[in-house]
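Novice: Mind having a look at this structure? Questions to follow.
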Amino acid sequence: MSVQVEMFRRFIGKPAKDIYGRYVGYVVGITLDSGGRLRSIGVDRGGIFEEFTRTQIMLDNETLILVPRWKVEAEKFKKEYGLTHSRFQALDELLKNGEIPEYVYKELYEEYKSSMSKLEEAQKSLIETLTKKMEELDNHAKHLEKFLGYLKVQHKTGEMSDETYKMASEQLITGIEKTLQEKEDIERSLKSLTSPGDELPSMDVPPTVKPSDETEKPIIVHLQTD
């Protein structure tokens with residue numbers, strides 16, 4: 001058993017937080033891949049089981065930090081898109097400098113073009129996912145604000161003591177702040193996805209020299225003699 005796996009086993013039965021500092025739930029177990037490496041962590045979220053993959057898991061000293069799936073997917077997309085765009089640019093430069101033959105350029109161009117088409121579909125799906133998640137967070141924040149409003153009324157009428165109100169309101173206010181923090185994080189990711197020019201290269205990556213099956217026609221110059 002690897003040191004890493006044994007290290008994560010220590011968190012079984014203990015609480016885990018997300019990157020915004022909210023408690024997610026209690027770790028109930030871990031799974032390993034065929035090589036004996038950590039594959040995922042199972043978390044009990046108040047009776048609801050959720051599995052977090054290796055890419056969603058971080059350690060901060062003695063605290064297990066879990067990254068939202070939407071954030072992992074958004075970062076993965078940006079990395080893959082940036083790499084594909086860079087390959088287009090490098091390919092174009094190599095052809096212009098005469099470092100690769102045209103047939104190699106054409107084959108690689110089609111390959112990268114196919115990859116870009118798949119990324120465009122992934123972009124649409126990701127935008128839908130983030131939009132839906134942002135709406136869920138917005139509704140959750142409003143729910144917390146409404147519940148806090150009930151407590152304020154009860155405190156104002158003397159139905160709730162100062163001490164109880166202080167403890168409850170602080171918890172709710174923190175929950176609202178963390179929820180809005182995640183919502184703002186998603187908004188930034190959505191902006192970079194819907195306005196690629198700000199943080200991502202444009203989806204349209206036309207090469208300087210486009211592939212063509214046509215043979216260039218020679219230039220004929222007519223000289224007039226006296």
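Labels used: A, B, ... for chains in the order of the structure tokens, numbers from 1 for residues in each chain, and numbers from 1 for ligands as shown.
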Considering only C-alpha atoms, return as a PyMOL selection string whatever protein or nucleic-acid residues lie within 6 Å of Ile12 (chain A), sequence-local ones (same chain, fewer than 3 positions apart) excluded.
Specialist: chain A and resi 9+27-29
Novice: Just give me the gap between CA of His85 (chain A) and CA of Tyr109 (chain A) in Å, one decimal is fine.
Specialist: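 Answer for the CA of His85 (chain A) to CA of Tyr109 (chain A) separation: 11.2 Å.
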Novice: Within 8 Å of Phe77 (chain A), counting only C-alpha atoms, which residues show up once you throw out same-chain ones fewer than 2 positions away? Write them as an NGL selection string, please.
Specialist: :A and (73-75 or 79-81 or 119 or 122-123)
Novice: Using the selection just defined, write its residues with N, CA, C and O atoms as an mmCIF file, in the first residue's frame.
Specialist:
```cif
data_model
loop_
_atom_site.group_PDB
_atom_site.id
_atom_site.type_symbol
_atom_site.label_atom_id
_atom_site.label_comp_id
_atom_site.auth_asym_id
_atom_site.auth_seq_id
_atom_site.Cartn_x
_atom_site.Cartn_y
_atom_site.Cartn_z
ATOM 1 N N GLU A 73 -13.747 20.539 -14.310
ATOM 2 C CA GLU A 73 -14.070 20.455 -15.736
ATOM 3 C C GLU A 73 -13.733 21.750 -16.464
ATOM 4 O O GLU A 73 -13.251 21.723 -17.600
ATOM 5 N N ALA A 74 -13.985 22.888 -15.821
ATOM 6 C CA ALA A 74 -13.695 24.185 -16.447
ATOM 7 C C ALA A 74 -12.189 24.361 -16.637
ATOM 8 O O ALA A 74 -11.732 24.819 -17.697
ATOM 9 N N GLU A 75 -11.402 24.000 -15.626
ATOM 10 C CA GLU A 75 -9.944 24.129 -15.728
ATOM 11 C C GLU A 75 -9.388 23.173 -16.777
ATOM 12 O O GLU A 75 -8.448 23.515 -17.509
ATOM 13 N N LYS A 79 -7.341 24.283 -20.244
ATOM 14 C CA LYS A 79 -6.008 23.751 -20.516
ATOM 15 C C LYS A 79 -5.959 23.075 -21.877
ATOM 16 O O LYS A 79 -5.035 23.311 -22.672
ATOM 17 N N GLU A 80 -6.961 22.236 -22.176
ATOM 18 C CA GLU A 80 -6.996 21.525 -23.454
ATOM 19 C C GLU A 80 -7.198 22.490 -24.613
ATOM 20 O O GLU A 80 -6.591 22.337 -25.676
ATOM 21 N N TYR A 81 -8.051 23.485 -24.409
ATOM 22 C CA TYR A 81 -8.302 24.440 -25.484
ATOM 23 C C TYR A 81 -7.060 25.271 -25.782
ATOM 24 O O TYR A 81 -6.692 25.488 -26.938
ATOM 25 N N LEU A 119 -13.930 20.230 -28.842
ATOM 26 C CA LEU A 119 -13.848 21.193 -27.749
ATOM 27 C C LEU A 119 -14.993 22.193 -27.805
ATOM 28 O O LEU A 119 -15.477 22.652 -26.770
ATOM 29 N N ALA A 122 -17.844 20.527 -26.226
ATOM 30 C CA ALA A 122 -17.618 20.473 -24.781
ATOM 31 C C ALA A 122 -17.857 21.831 -24.147
ATOM 32 O O ALA A 122 -18.370 21.930 -23.025
ATOM 33 N N GLN A 123 -17.526 22.884 -24.877
ATOM 34 C CA GLN A 123 -17.735 24.238 -24.373
ATOM 35 C C GLN A 123 -19.226 24.513 -24.161
ATOM 36 O O GLN A 123 -19.631 25.054 -23.126
#
```
Novice: Among region 55-87 of chain A, which ones does DSSP assign to helix (DSSP H, G or I) (computed from the backbone)? Answer as a PyMOL selection string.
Specialist: chain A and resi 55-56+69-87
Novice: Residues within 12 Å of Ala168 (chain A), please, as a VMD selection string. Count only C-alpha atoms; anything in the same chain fewer than 4 positions from it doesn't count.
Specialist: chain A and resid 144 147 to 152 154 to 155 160 to 164 172 to 175
Novice: One decimal, in Å: what's the spacing between CA of Thr31 (chain A) and CA of Lys76 (chain A)?
Specialist: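 One can read the CA of Thr31 (chain A) to CA of Lys76 (chain A) distance as 22.6 Å.
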Novice: Please provide as an mmCIF file with N, CA and C atoms, in the first residue's frame all residues within 8 Å of Val24 (chain A), with the sequence filter that same-chain residues fewer than 4 positions apart are discarded (counting only C-alpha atoms).
Specialist:
```
data_model
loop_
_atom_site.group_PDB
_atom_site.id
_atom_site.type_symbol
_atom_site.label_atom_id
_atom_site.label_comp_id
_atom_site.auth_asym_id
_atom_site.auth_seq_id
_atom_site.Cartn_x
_atom_site.Cartn_y
_atom_site.Cartn_z
ATOM 1 N N PRO A 15 -14.459 14.815 8.878
ATOM 2 C CA PRO A 15 -15.128 15.755 7.977
ATOM 3 C C PRO A 15 -14.192 16.283 6.892
ATOM 4 N N ALA A 16 -14.782 16.670 5.769
ATOM 5 C CA ALA A 16 -14.030 17.264 4.658
ATOM 6 C C ALA A 16 -14.656 18.612 4.314
ATOM 7 N N LYS A 17 -13.832 19.517 3.831
ATOM 8 C CA LYS A 17 -14.306 20.837 3.431
ATOM 9 C C LYS A 17 -14.171 21.012 1.921
ATOM 10 N N ASP A 18 -14.874 22.018 1.377
ATOM 11 C CA ASP A 18 -14.657 22.372 -0.020
ATOM 12 C C ASP A 18 -13.693 23.549 -0.076
ATOM 13 N N VAL A 43 -18.002 10.323 0.159
ATOM 14 C CA VAL A 43 -18.387 11.254 1.228
ATOM 15 C C VAL A 43 -19.880 11.162 1.514
ATOM 16 N N ARG A 45 -22.900 13.058 2.647
ATOM 17 C CA ARG A 45 -23.341 14.450 2.765
ATOM 18 C C ARG A 45 -24.710 14.495 3.431
#
```
Novice: For each of A:Leu91, A:Leu137, A:Ile127, A:Leu59, take the minimum atom-to-atom distance to Glu110 (chain A), counting only C-alpha atoms, then give the residue where this is smallest.
Specialist: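 Checking each candidate against Glu110 (chain A), we get A:Leu91 as the closest.
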Novice: Find the residue from A:Arg22, A:Lys132, A:Arg69, A:Arg87 that sits nearest to Leu108 (chain A); use only C-alpha atoms when measuring.
Specialist: A:Arg87
Novice: Between CA of Gly35 (chain A) and CA of Val5 (chain A), measure the distance and give it in Å to one decimal.
Specialist: 11.5 Å
Novice: Based on DSSP run over this structure's backbone, return all residues of region 40-169 of chain A in strand (DSSP E), as an MDAnalysis selection string.
Specialist: chainID A and resid 40:44 49:53 57:60 63:66
Novice: Name all residues at most 12 Å from Glu128 (chain A) (count only C-alpha atoms; drop same-chain ones fewer than 5 positions away) and give them as JSON, numbers by chain.
Specialist: {"A": [70, 74, 121, 122, 123, 133, 134, 135, 186, 190, 193, 194]}
Novice: Select, from A:Glu159, A:Glu170, A:Glu6, A:Glu177, the residue with the minimum atom-to-atom distance to Lys142 (chain A), counting only C-alpha atoms.
Specialist: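 Answer, going by the shortest atom-to-atom distance: A:Glu177.
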Novice: With only C-alpha atoms as the counted atoms, please give the residues lying no more than 8 Å from Met116 (chain A), apart from itself and same-chain residues fewer than 2 positions off, as a PyMOL selection string.
Specialist: chain A and resi 81+84+112-114+118-120+203
Novice: Pick out the closest residue to Glu111 (chain A) from this set: A:Lys183, A:Ile65, A:Phe88, A:Phe11. Count only C-alpha atoms.
Specialist: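 For Glu111 (chain A), the nearest of the given residues is A:Phe88.
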